[in-house]
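Heads up, upload.cif below (mmCIF, C-alpha atoms (C1' of nucleotides)):
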data_my_file
#
loop_
_atom_site.label_atom_id
_atom_site.label_comp_id
_atom_site.auth_asym_id
_atom_site.auth_seq_id
_atom_site.Cartn_x
_atom_site.Cartn_y
_atom_site.Cartn_z
CA MET N 12 0.00 0.00 0.00
CA ASN N 13 2.89 2.25 -0.91
CA GLY N 14 2.35 5.73 -2.27
CA LYS N 15 3.71 4.86 -5.65
CA GLU N 16 1.95 2.18 -7.53
CA SER N 17 3.64 0.30 -10.31
CA THR N 18 2.36 0.99 -13.80
CA GLU N 19 1.25 -2.58 -14.09
CA GLN N 20 -0.83 -2.19 -10.97
CA LYS N 21 -2.35 1.04 -12.20
CA ILE N 22 -3.33 -0.65 -15.42
CA LEU N 23 -4.86 -3.66 -13.74
CA LYS N 24 -6.83 -1.49 -11.37
CA ALA N 25 -8.18 0.74 -14.11
CA ALA N 26 -8.85 -2.19 -16.42
CA MET N 27 -10.88 -3.91 -13.73
CA VAL N 28 -13.09 -0.89 -13.29
CA ILE N 29 -13.69 -0.43 -16.99
CA PHE N 30 -14.11 -4.09 -17.90
CA VAL N 31 -16.47 -4.73 -15.01
CA GLN N 32 -18.54 -1.76 -15.95
CA LYS N 33 -18.65 -2.10 -19.72
CA GLY N 34 -17.91 -5.71 -20.41
CA ARG N 35 -15.35 -7.23 -22.67
CA HIS N 36 -16.47 -5.56 -25.87
CA GLY N 37 -17.84 -2.35 -24.41
CA ALA N 38 -14.50 -1.57 -22.79
CA LYS N 39 -12.04 0.25 -25.03
CA MET N 40 -8.28 0.19 -24.64
CA GLN N 41 -8.10 3.95 -24.92
CA GLU N 42 -10.55 4.36 -22.09
CA ILE N 43 -8.57 2.01 -19.88
CA ALA N 44 -5.37 3.89 -20.64
CA ASP N 45 -7.04 7.17 -19.75
CA ALA N 46 -8.38 5.78 -16.53
CA ALA N 47 -4.94 4.47 -15.62
CA GLY N 48 -3.43 7.82 -16.45
CA ILE N 49 -0.96 6.33 -18.91
CA ASN N 50 -0.55 5.80 -22.60
CA LYS N 51 -2.35 3.27 -24.72
CA ALA N 52 0.92 1.76 -25.88
CA MET N 53 1.70 0.81 -22.29
CA LEU N 54 -1.22 -1.54 -22.21
CA HIS N 55 0.35 -3.55 -24.99
CA TYR N 56 3.78 -3.30 -23.48
CA TYR N 57 2.60 -4.92 -20.26
CA PHE N 58 -0.14 -7.24 -21.43
CA ARG N 59 0.56 -7.86 -25.10
CA ASN N 60 -3.08 -7.49 -26.22
CA LYS N 61 -6.62 -6.84 -25.06
CA GLU N 62 -7.52 -10.48 -24.65
CA LYS N 63 -4.67 -11.18 -22.27
CA LEU N 64 -5.43 -8.11 -20.22
CA TYR N 65 -9.05 -9.16 -20.06
CA ALA N 66 -8.18 -12.68 -18.99
CA LYS N 67 -6.03 -11.36 -16.17
CA VAL N 68 -8.79 -9.05 -14.98
CA PHE N 69 -11.39 -11.77 -15.15
CA HIS N 70 -9.21 -14.02 -13.09
CA ASN N 71 -8.69 -11.39 -10.41
CA VAL N 72 -12.35 -10.50 -10.25
CA PHE N 73 -13.38 -14.09 -9.98
CA ALA N 74 -11.01 -14.80 -7.14
CA LYS N 75 -12.13 -11.71 -5.31
CA ILE N 76 -15.71 -12.85 -5.07
CA PHE N 77 -15.23 -16.58 -4.59
CA GLY N 78 -11.99 -16.83 -2.72
CA SER N 79 -13.18 -15.98 0.75
CA LEU N 80 -15.91 -16.44 3.29
CA HIS N 81 -15.92 -20.21 3.41
CA LYS N 82 -14.27 -19.97 6.81
CA ILE N 83 -17.60 -18.93 8.25
CA PHE N 84 -18.78 -22.46 7.75
CA GLU N 85 -15.79 -24.05 9.35
CA THR N 86 -16.70 -23.02 12.89
CA ASP N 87 -18.67 -24.76 15.59
CA GLU N 88 -21.48 -22.26 15.67
CA SER N 89 -25.12 -23.21 15.27
CA PHE N 90 -26.50 -23.19 11.76
CA GLU N 91 -28.53 -20.14 12.62
CA ASN N 92 -25.40 -18.22 13.63
CA LYS N 93 -23.43 -19.40 10.64
CA LEU N 94 -26.18 -18.33 8.28
CA THR N 95 -26.58 -14.97 9.99
CA ASN N 96 -22.86 -14.30 9.78
CA PHE N 97 -22.66 -15.43 6.19
CA ILE N 98 -25.52 -13.28 4.98
CA ASP N 99 -24.17 -10.31 6.87
CA GLN N 100 -20.67 -10.61 5.46
CA TYR N 101 -21.59 -11.75 2.00
CA THR N 102 -24.04 -8.88 1.65
CA ARG N 103 -21.27 -6.52 2.65
CA LEU N 104 -18.85 -8.05 0.16
CA ILE N 105 -21.32 -7.84 -2.68
CA ALA N 106 -22.41 -4.34 -1.76
CA GLU N 107 -18.79 -3.23 -1.91
CA ASN N 108 -18.35 -4.92 -5.28
CA GLN N 109 -21.80 -4.48 -6.60
CA GLN N 110 -21.05 -4.80 -10.27
CA ILE N 111 -19.02 -7.97 -10.04
CA PRO N 112 -21.74 -10.62 -9.92
CA LEU N 113 -23.41 -9.25 -13.01
CA PHE N 114 -20.05 -8.98 -14.72
CA ILE N 115 -19.15 -12.58 -14.05
CA MET N 116 -22.50 -13.93 -15.15
CA ARG N 117 -22.61 -11.78 -18.22
CA GLU N 118 -19.13 -12.66 -19.34
CA ILE N 119 -19.57 -16.35 -18.78
CA SER N 120 -22.88 -16.51 -20.60
CA GLU N 121 -21.66 -14.28 -23.40
CA GLY N 122 -18.11 -15.49 -23.75
CA ALA N 123 -19.17 -18.96 -24.66
CA GLU N 124 -16.28 -20.79 -26.18
CA GLU N 125 -13.35 -18.45 -25.81
CA LEU N 126 -13.84 -17.95 -22.09
CA LYS N 127 -14.21 -21.55 -21.04
CA PRO N 128 -10.49 -22.25 -20.75
CA ILE N 129 -10.05 -19.38 -18.32
CA PHE N 130 -13.10 -20.37 -16.39
CA ASN N 131 -12.04 -23.97 -16.02
CA GLU N 132 -8.52 -23.01 -15.11
CA ILE N 133 -9.84 -20.94 -12.25
CA LEU N 134 -12.14 -23.74 -11.18
CA GLU N 135 -9.14 -26.00 -10.85
CA GLU N 136 -7.48 -23.67 -8.41
CA LYS N 137 -9.71 -24.82 -5.58
CA LYS N 138 -11.16 -21.38 -5.16
CA PHE N 139 -14.41 -23.12 -4.53
CA ALA N 140 -14.25 -23.78 -0.89
CA LEU N 141 -17.29 -21.57 -0.52
CA PRO N 142 -20.01 -23.56 -2.28
CA ILE N 143 -18.58 -26.87 -1.12
CA THR N 144 -18.32 -26.05 2.57
CA PHE N 145 -21.63 -24.24 2.46
CA ILE N 146 -23.45 -27.22 1.03
CA GLU N 147 -21.76 -29.62 3.41
CA THR N 148 -22.88 -27.47 6.29
CA ILE N 149 -26.45 -27.57 5.07
CA ASN N 150 -26.34 -31.34 4.72
CA ASN N 151 -24.96 -31.73 8.22
CA SER N 152 -27.70 -29.56 9.63
CA ILE N 153 -30.29 -31.61 7.83
CA GLN N 154 -28.92 -34.77 9.39
CA LYS N 155 -28.92 -33.15 12.81
CA GLY N 156 -32.56 -32.30 12.25
CA GLU N 157 -32.02 -28.55 12.39
CA ILE N 158 -33.33 -28.20 8.86
CA ARG N 159 -36.06 -30.00 6.99
CA LYS N 160 -35.00 -32.51 4.40
CA ILE N 161 -34.68 -30.33 1.29
CA ASP N 162 -32.14 -30.63 -1.53
CA SER N 163 -29.19 -28.66 -0.18
CA ARG N 164 -28.35 -27.30 -3.61
CA GLN N 165 -31.76 -25.69 -3.79
CA ILE N 166 -31.31 -24.14 -0.37
CA PHE N 167 -27.90 -22.89 -1.40
CA ILE N 168 -29.24 -21.25 -4.57
CA THR N 169 -32.11 -19.68 -2.69
CA ILE N 170 -29.80 -18.13 -0.11
CA ILE N 171 -27.23 -16.85 -2.58
CA GLY N 172 -29.96 -15.59 -4.85
CA SER N 173 -31.68 -13.77 -2.01
CA VAL N 174 -28.45 -11.96 -1.21
CA VAL N 175 -27.13 -11.31 -4.69
CA PHE N 176 -30.26 -10.65 -6.71
CA TYR N 177 -31.04 -7.29 -5.19
CA PHE N 178 -27.66 -5.92 -6.17
CA ILE N 179 -27.82 -7.29 -9.67
CA ALA N 180 -31.27 -5.90 -10.26
CA GLU N 181 -30.95 -2.70 -8.27
CA PRO N 182 -31.08 -0.34 -11.25
CA ILE N 183 -34.51 -1.69 -12.11
CA LEU N 184 -35.72 -2.43 -8.61
CA SER N 185 -34.91 0.99 -7.23
CA VAL N 186 -37.12 2.53 -9.89
CA LEU N 187 -39.89 -0.02 -9.54
CA LEU N 188 -39.94 0.04 -5.77
CA LYS N 189 -39.12 3.69 -5.35
CA VAL N 190 -36.06 3.23 -3.18
CA ASP N 191 -34.13 6.49 -3.16
CA PRO N 192 -30.54 5.47 -3.99
CA ASP N 193 -28.97 8.22 -1.95
CA PHE N 194 -31.16 8.37 1.05
CA GLN N 195 -32.82 5.05 1.81
CA ARG N 196 -30.47 2.60 0.17
CA GLU N 197 -28.31 1.82 3.16
CA ASN N 198 -31.26 1.29 5.46
CA PHE N 199 -32.93 -0.88 2.89
CA ILE N 200 -29.88 -3.11 2.65
CA GLU N 201 -29.52 -3.41 6.40
CA GLU N 202 -33.19 -4.26 6.66
CA ARG N 203 -32.76 -6.75 3.87
CA LYS N 204 -30.06 -8.71 5.72
CA ILE N 205 -32.35 -9.26 8.70
CA ILE N 206 -35.37 -10.17 6.63
CA VAL N 207 -33.51 -12.64 4.44
CA VAL N 208 -32.14 -14.49 7.46
CA ASP N 209 -35.61 -14.43 8.95
CA ILE N 210 -37.43 -15.77 5.88
CA ILE N 211 -34.84 -18.43 5.09
CA LEU N 212 -34.56 -19.74 8.64
CA ASN N 213 -38.32 -19.96 9.05
CA GLY N 214 -38.58 -21.38 5.57
CA ILE N 215 -36.31 -24.34 6.16
CA LYS N 216 -36.72 -25.14 9.84
CA PRO N 217 -38.50 -28.36 10.73
CA MET P 6 -48.23 -16.41 -38.13
CA ASN P 7 -48.23 -16.41 -41.90
CA GLY P 8 -45.70 -18.40 -43.87
CA LYS P 9 -44.01 -15.31 -45.26
CA GLU P 10 -42.57 -12.98 -42.75
CA SER P 11 -41.85 -9.39 -43.64
CA THR P 12 -38.19 -8.48 -43.90
CA GLU P 13 -38.59 -6.10 -41.02
CA GLN P 14 -39.91 -8.92 -38.88
CA LYS P 15 -37.09 -11.21 -39.89
CA ILE P 16 -34.58 -8.57 -38.92
CA LEU P 17 -36.17 -7.87 -35.55
CA LYS P 18 -36.35 -11.53 -34.75
CA ALA P 19 -32.74 -12.18 -35.64
CA ALA P 20 -31.55 -8.99 -33.96
CA MET P 21 -33.25 -10.00 -30.74
CA VAL P 22 -31.49 -13.32 -30.67
CA ILE P 23 -28.08 -11.83 -31.37
CA PHE P 24 -28.37 -8.78 -29.14
CA VAL P 25 -29.70 -10.79 -26.21
CA GLN P 26 -26.90 -13.28 -26.57
CA LYS P 27 -23.98 -10.97 -27.22
CA GLY P 28 -25.00 -7.63 -25.85
CA ARG P 29 -25.03 -4.27 -27.52
CA HIS P 30 -21.36 -4.18 -28.41
CA GLY P 31 -20.72 -7.86 -28.84
CA ALA P 32 -23.42 -8.09 -31.50
CA LYS P 33 -22.27 -7.29 -35.01
CA MET P 34 -24.48 -6.02 -37.80
CA GLN P 35 -23.10 -8.59 -40.20
CA GLU P 36 -24.00 -11.39 -37.85
CA ILE P 37 -27.52 -10.08 -37.49
CA ALA P 38 -27.90 -9.83 -41.24
CA ASP P 39 -26.66 -13.38 -41.66
CA ALA P 40 -29.04 -14.66 -39.01
CA ALA P 41 -31.91 -12.87 -40.71
CA GLY P 42 -30.92 -14.31 -44.05
CA ILE P 43 -30.70 -10.90 -45.69
CA ASN P 44 -28.13 -8.33 -46.60
CA LYS P 45 -26.38 -6.00 -44.23
CA ALA P 46 -27.58 -2.96 -46.14
CA MET P 47 -31.15 -3.92 -45.32
CA LEU P 48 -30.55 -3.35 -41.66
CA HIS P 49 -29.78 0.26 -42.38
CA TYR P 50 -32.60 0.58 -44.82
CA TYR P 51 -35.13 -0.44 -42.18
CA PHE P 52 -33.58 0.85 -39.00
CA ARG P 53 -31.20 3.60 -40.07
CA ASN P 54 -28.36 2.55 -37.74
CA LYS P 55 -27.31 0.06 -35.11
CA GLU P 56 -28.40 2.20 -32.19
CA LYS P 57 -31.98 2.50 -33.43
CA LEU P 58 -32.19 -1.20 -34.12
CA TYR P 59 -30.88 -1.92 -30.66
CA ALA P 60 -33.38 0.44 -29.05
CA LYS P 61 -36.25 -1.28 -30.81
CA VAL P 62 -35.03 -4.71 -29.71
CA PHE P 63 -34.53 -3.61 -26.14
CA HIS P 64 -38.06 -2.25 -26.05
CA ASN P 65 -39.53 -5.49 -27.33
CA VAL P 66 -37.52 -7.63 -24.95
CA PHE P 67 -38.48 -5.54 -22.00
CA ALA P 68 -42.16 -5.70 -22.79
CA LYS P 69 -41.98 -9.44 -23.25
CA ILE P 70 -40.81 -10.10 -19.73
CA PHE P 71 -42.74 -7.44 -17.85
CA GLY P 72 -45.94 -7.14 -19.80
CA SER P 73 -47.77 -10.17 -18.50
CA LEU P 74 -48.54 -12.31 -15.49
CA HIS P 75 -50.01 -9.60 -13.28
CA LYS P 76 -53.44 -11.12 -13.90
CA ILE P 77 -52.51 -13.92 -11.54
CA PHE P 78 -52.80 -11.48 -8.69
CA GLU P 79 -56.15 -10.14 -9.74
CA THR P 80 -58.09 -13.25 -8.79
CA ASP P 81 -59.86 -14.22 -5.59
CA GLU P 82 -57.61 -17.15 -4.80
CA SER P 83 -55.79 -17.53 -1.50
CA PHE P 84 -52.34 -16.05 -1.25
CA GLU P 85 -50.89 -19.52 -1.23
CA ASN P 86 -52.56 -20.37 -4.52
CA LYS P 87 -51.62 -17.09 -6.12
CA LEU P 88 -48.00 -17.53 -5.14
CA THR P 89 -47.94 -21.11 -6.33
CA ASN P 90 -49.39 -20.13 -9.69
CA PHE P 91 -47.10 -17.18 -10.06
CA ILE P 92 -43.92 -19.11 -9.34
CA ASP P 93 -45.01 -21.88 -11.65
CA GLN P 94 -45.79 -19.58 -14.56
CA TYR P 95 -43.00 -17.12 -14.01
CA THR P 96 -40.47 -19.92 -13.82
CA ARG P 97 -41.80 -21.21 -17.11
CA LEU P 98 -41.63 -17.77 -18.72
CA ILE P 99 -38.06 -17.21 -17.59
CA ALA P 100 -36.98 -20.72 -18.52
CA GLU P 101 -38.31 -20.13 -22.03
CA ASN P 102 -36.49 -16.81 -22.24
CA GLN P 103 -33.55 -17.64 -20.10
CA GLN P 104 -31.16 -15.06 -21.43
CA ILE P 105 -33.49 -12.11 -21.13
CA PRO P 106 -33.15 -11.21 -17.44
CA LEU P 107 -29.39 -11.10 -17.67
CA PHE P 108 -29.63 -9.12 -20.87
CA ILE P 109 -31.89 -6.49 -19.34
CA MET P 110 -29.81 -6.07 -16.22
CA ARG P 111 -26.56 -6.01 -18.09
CA GLU P 112 -27.74 -3.47 -20.61
CA ILE P 113 -29.28 -1.19 -18.02
CA SER P 114 -26.25 -1.24 -15.79
CA GLU P 115 -23.88 -0.87 -18.71
CA GLY P 116 -25.83 1.52 -20.89
CA ALA P 117 -25.69 4.26 -18.34
CA GLU P 118 -26.62 7.54 -19.96
CA GLU P 119 -27.56 6.63 -23.49
CA LEU P 120 -30.06 4.00 -22.45
CA LYS P 121 -31.98 5.92 -19.83
CA PRO P 122 -34.35 7.65 -22.24
CA ILE P 123 -35.46 4.31 -23.64
CA PHE P 124 -35.79 2.83 -20.20
CA ASN P 125 -37.90 5.69 -18.88
CA GLU P 126 -40.05 5.75 -21.95
CA ILE P 127 -40.90 2.12 -21.43
CA LEU P 128 -41.59 2.70 -17.77
CA GLU P 129 -44.18 5.30 -18.72
CA GLU P 130 -46.09 2.79 -20.75
CA LYS P 131 -47.64 1.24 -17.70
CA LYS P 132 -46.02 -2.11 -18.40
CA PHE P 133 -45.57 -2.38 -14.70
CA ALA P 134 -48.77 -3.89 -13.59
CA LEU P 135 -46.75 -6.84 -12.36
CA PRO P 136 -44.73 -5.37 -9.49
CA ILE P 137 -47.56 -3.08 -8.44
CA THR P 138 -50.27 -5.71 -8.26
CA PHE P 139 -47.87 -8.19 -6.72
CA ILE P 140 -46.91 -5.84 -3.92
CA GLU P 141 -50.50 -4.81 -3.31
CA THR P 142 -51.41 -8.47 -2.98
CA ILE P 143 -48.70 -8.98 -0.41
CA ASN P 144 -49.84 -5.97 1.58
CA ASN P 145 -53.42 -7.19 1.57
CA SER P 146 -52.37 -10.59 2.81
CA ILE P 147 -50.38 -8.98 5.59
CA GLN P 148 -53.44 -7.05 6.69
CA LYS P 149 -55.54 -10.19 6.59
CA GLY P 150 -52.96 -11.81 8.83
CA GLU P 151 -51.99 -14.47 6.28
CA ILE P 152 -48.41 -13.19 6.26
CA ARG P 153 -46.19 -11.77 8.97
CA LYS P 154 -45.64 -8.03 8.95
CA ILE P 155 -42.57 -7.77 6.70
CA ASP P 156 -41.75 -5.00 4.21
CA SER P 157 -43.59 -6.18 1.11
CA ARG P 158 -40.82 -4.90 -1.18
CA GLN P 159 -38.38 -7.22 0.53
CA ILE P 160 -40.73 -10.15 0.12
CA PHE P 161 -41.18 -9.25 -3.53
CA ILE P 162 -37.44 -9.14 -4.16
CA THR P 163 -36.89 -12.41 -2.37
CA ILE P 164 -39.53 -14.18 -4.44
CA ILE P 165 -38.42 -12.78 -7.78
CA GLY P 166 -34.79 -13.41 -6.90
CA SER P 167 -35.51 -16.98 -5.92
CA VAL P 168 -37.11 -17.61 -9.29
CA VAL P 169 -34.81 -15.63 -11.54
CA PHE P 170 -31.41 -16.09 -9.95
CA TYR P 171 -31.01 -19.72 -10.89
CA PHE P 172 -31.44 -18.95 -14.57
CA ILE P 173 -29.11 -15.99 -14.50
CA ALA P 174 -26.40 -17.92 -12.73
CA GLU P 175 -26.97 -21.30 -14.33
CA PRO P 176 -23.70 -21.39 -16.28
CA ILE P 177 -21.80 -21.15 -13.02
CA LEU P 178 -24.19 -23.04 -10.81
CA SER P 179 -24.44 -26.05 -13.07
CA VAL P 180 -20.68 -26.47 -12.83
CA LEU P 181 -20.49 -25.78 -9.13
CA LEU P 182 -23.41 -28.00 -8.24
CA LYS P 183 -22.84 -30.62 -10.88
CA VAL P 184 -26.25 -30.41 -12.51
CA ASP P 185 -26.09 -32.12 -15.86
CA PRO P 186 -27.58 -29.60 -18.30
CA ASP P 187 -28.99 -32.20 -20.61
CA PHE P 188 -30.19 -34.84 -18.27
CA GLN P 189 -31.13 -33.43 -14.87
CA ARG P 190 -31.92 -29.84 -15.71
CA GLU P 191 -35.63 -30.19 -16.23
CA ASN P 192 -36.15 -32.18 -13.07
CA PHE P 193 -34.08 -29.73 -11.12
CA ILE P 194 -36.23 -26.83 -12.29
CA GLU P 195 -39.46 -28.64 -11.50
CA GLU P 196 -38.12 -29.50 -8.08
CA ARG P 197 -37.05 -25.89 -7.67
CA LYS P 198 -40.58 -24.56 -8.21
CA ILE P 199 -41.94 -26.67 -5.40
CA ILE P 200 -39.13 -25.90 -2.99
CA VAL P 201 -39.24 -22.16 -3.58
CA VAL P 202 -42.96 -22.05 -2.86
CA ASP P 203 -42.36 -24.19 0.19
CA ILE P 204 -39.53 -22.10 1.63
CA ILE P 205 -41.17 -18.77 0.93
CA LEU P 206 -44.57 -19.74 2.32
CA ASN P 207 -43.07 -21.17 5.49
CA GLY P 208 -40.73 -18.23 5.68
CA ILE P 209 -43.41 -15.57 5.72
CA LYS P 210 -46.36 -17.23 7.38
CA PRO P 211 -47.35 -16.04 10.87
"C1'" DG T 2 -36.98 -3.29 -51.70
"C1'" DT T 3 -32.76 -5.62 -52.39
"C1'" DC T 4 -28.23 -6.17 -53.68
"C1'" DT T 5 -22.80 -5.23 -54.42
"C1'" DA T 6 -19.20 -2.32 -53.84
"C1'" DT T 7 -17.06 1.09 -51.30
"C1'" DA T 8 -16.47 4.84 -48.13
"C1'" DA T 9 -15.84 6.39 -43.32
"C1'" DT T 10 -14.94 5.48 -38.68
"C1'" DT T 11 -13.52 3.19 -34.85
"C1'" DT T 12 -10.22 0.67 -32.45
"C1'" DG T 13 -6.54 -2.66 -31.56
"C1'" DA T 14 -1.76 -3.08 -32.36
"C1'" DT T 15 3.08 -1.70 -33.66
"C1'" DA T 16 7.34 1.11 -34.92
"C1'" DG T 17 10.63 3.88 -33.48
"C1'" DA T 18 12.42 8.06 -30.93
"C1'" DC T 19 13.67 9.33 -26.34
"C1'" DG M 4 9.83 2.15 -19.51
"C1'" DT M 5 7.28 5.69 -21.73
"C1'" DC M 6 5.76 8.40 -25.33
"C1'" DT M 7 3.97 10.07 -30.29
"C1'" DA M 8 2.80 8.87 -34.64
"C1'" DT M 9 1.12 5.52 -37.63
"C1'" DC M 10 -0.59 1.20 -39.45
"C1'" DA M 11 -3.88 -2.58 -40.05
"C1'" DA M 12 -8.05 -4.72 -39.26
"C1'" DA M 13 -12.69 -4.77 -38.09
"C1'" DT M 14 -17.09 -2.73 -38.37
"C1'" DT M 15 -20.62 0.65 -39.27
"C1'" DA M 16 -22.70 3.25 -42.78
"C1'" DT M 17 -23.71 4.85 -47.52
"C1'" DA M 18 -23.89 5.17 -52.80
"C1'" DG M 19 -25.74 3.63 -56.63
"C1'" DA M 20 -27.27 -0.13 -59.89
"C1'" DC M 21 -31.07 -3.20 -60.56
#
Let's see the structure in the file written out as structure tokens.
Amino acid sequence: MNGKESTEQKILKAAMVIFVQKGRHGAKMQEIADAAGINKAMLHYYFRNKEKLYAKVFHNVFAKIFGSLHKIFETDESFENKLTNFIDQYTRLIAENQQIPLFIMREISEGAEELKPIFNEILEEKKFALPITFIETINNSIQKGEIRKIDSRQIFITIIGSVVFYFIAEPILSVLLKVDPDFQRENFIEERKIIVVDIILNGIKP
Amino acid sequence: MNGKESTEQKILKAAMVIFVQKGRHGAKMQEIADAAGINKAMLHYYFRNKEKLYAKVFHNVFAKIFGSLHKIFETDESFENKLTNFIDQYTRLIAENQQIPLFIMREISEGAEELKPIFNEILEEKKFALPITFIETINNSIQKGEIRKIDSRQIFITIIGSVVFYFIAEPILSVLLKVDPDFQRENFIEERKIIVVDIILNGIKP
DNA sequence: GTCTATAATTTGATAGAC
DNA sequence: GTCTATCAAATTATAGAC
């Protein structure tokens, strides 16, 4: 966290912002260079071409959102506490990186063939402690009788969806539901955490 | 549904497929022309330029996914029946147009300035019977004591998210959760309908 | 209305001086 | 390592014949 940032770092940082916002094709090299405060030729000097820069960014973004949080499920807490902690922290993580989920889904569904190698490579790197430990936790709780016998994958999707969907759809939802982005947003999100835990726990308890 | 389709219709149909799949920038005019089985010059003849064609497509797509289904909430059924019907039919609608939710969210969040006029114009057209009637229904049920007193907007988001999220995230989820796209997918979605109704109803009942 | 050929523009990539 | 100037390729848009 030194005052001077290497050029490579500046590029990666700027590229992440632009790519996440505009997508692979919407992002322009010139715009990234401007955002990084350097010259367009530097992008090629450090990353050879747009594709390679994009791949690097995608990798970083992916790791950022999947590489953490599984530790919550590796404690001895009750399921209720684990879930409460997870939703609290995951909501925070997503709120701080609001555009990332949409970016990842968009790029994967759009990228089709060309992106699959990158995607699979990342999958190999065991970044996926999160879904695995989460689902194991659910299964354990089912066996202990803390949760009704429901397909744990479906519970997992419902929980993640309940947290993530709001942030993906916020541009529409805020208009539809008349949530003032500047004033009420933070309260709405805090309220949301509590309600999601509440609905899910009541929804799956025996 | 005549055998011969007007050229304009052929273009719009093809453009929708390509734009929804590849996004505004990923889609190329040549590709759209090929898909429509006509010449590239025709696109300009009918729609002047790419932006206007895109705007038309966006409008159509938006209407397709928001213009229906509110009638479910205008019946005298119990809340439980309404919700069951809604989730069943909305799941079907999304499954048949799987790429549309992601497309809409991506384009709105990406389009920023240029897209807002289109978006607002569509909003004016009262296509939004769905969220309004849905939320009113929830509020009524709360007053009747069929549902606990929870912010109806939060319930709305949770329900829509539970239905839509799976389809948005399917490319990732199917890998993570090892759902075979060809073999198990349909069963998984049918199972999902039942479980979502189950979790939500138990989650919000008094 | 529809096509082919071509212009105009955008944008990724490189050469070469410093 | 960094920059300016320039090239090459891709892509949108138009002209003009039929």
10 Å contact set for DA13 in chain M, all atoms listed in the file, chain neighbours under 4 positions out, as a list in words: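 Contacts, with the query itself left out: DT11, DT12 and DG13 of chain T.
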Residues within 12 Å of (-26.7, -4.6, 10.3), counting only C-alpha atoms (C1' of nucleotides), listed as a ChimeraX atom specification: /N:95-96,98-100,102-103,197-206,208
Distance query range 42-56 of chain N at most 8 Å, all atoms listed in the file, self and fewer than 6 positions along chain excluded, as an MDAnalysis selection string: (chainID N and resid 21:22 24:26 29) or (chainID T and resid 14) or (chainID M and resid 5:6)
Counting all atoms listed in the file, what is within 12 Å of Leu134 in chain N, bar same-chain residues fewer than 5 positions away, as a short mmCIF file (atom, residue, chain, number, x, y, z; two decimals) with C-alpha atoms, in the coordinates of the input?
data_model
loop_
_atom_site.label_atom_id
_atom_site.label_comp_id
_atom_site.auth_asym_id
_atom_site.auth_seq_id
_atom_site.Cartn_x
_atom_site.Cartn_y
_atom_site.Cartn_z
CA HIS N 70 -9.21 -14.02 -13.09
CA PHE N 73 -13.38 -14.09 -9.98
CA ALA N 74 -11.01 -14.80 -7.14
CA PHE N 77 -15.23 -16.58 -4.59
CA GLY N 78 -11.99 -16.83 -2.72
CA LYS N 127 -14.21 -21.55 -21.04
CA PRO N 128 -10.49 -22.25 -20.75
CA ILE N 129 -10.05 -19.38 -18.32
CA PHE N 139 -14.41 -23.12 -4.53
CA ALA N 140 -14.25 -23.78 -0.89
CA PRO N 142 -20.01 -23.56 -2.28
CA ILE P 177 -21.80 -21.15 -13.02
CA VAL P 180 -20.68 -26.47 -12.83
CA LEU P 181 -20.49 -25.78 -9.13
#
Spatial neighbours of DA18 in chain M, max dist 12 Å, all atoms listed in the file, sep filter under 3 positions, as number ranges by chain: P: 46; T: 5-8
Distance-based interface of chain M with chain P, 9 Å, counting only C-alpha atoms (C1' of nucleotides), as a PyMOL selection string: chain M and resi 14-17
Create the file for the chosen residues now, containing C-alpha atoms (C1' of nucleotides) and written as an mmCIF file, in the frame of the given file.
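Full text of result07.cif as output:
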data_model
loop_
_atom_site.group_PDB
_atom_site.id
_atom_site.type_symbol
_atom_site.label_atom_id
_atom_site.label_comp_id
_atom_site.auth_asym_id
_atom_site.auth_seq_id
_atom_site.Cartn_x
_atom_site.Cartn_y
_atom_site.Cartn_z
ATOM 1 C "C1'" DT M 14 -17.090 -2.730 -38.370
ATOM 2 C "C1'" DT M 15 -20.620 0.650 -39.270
ATOM 3 C "C1'" DA M 16 -22.700 3.250 -42.780
ATOM 4 C "C1'" DT M 17 -23.710 4.850 -47.520
#
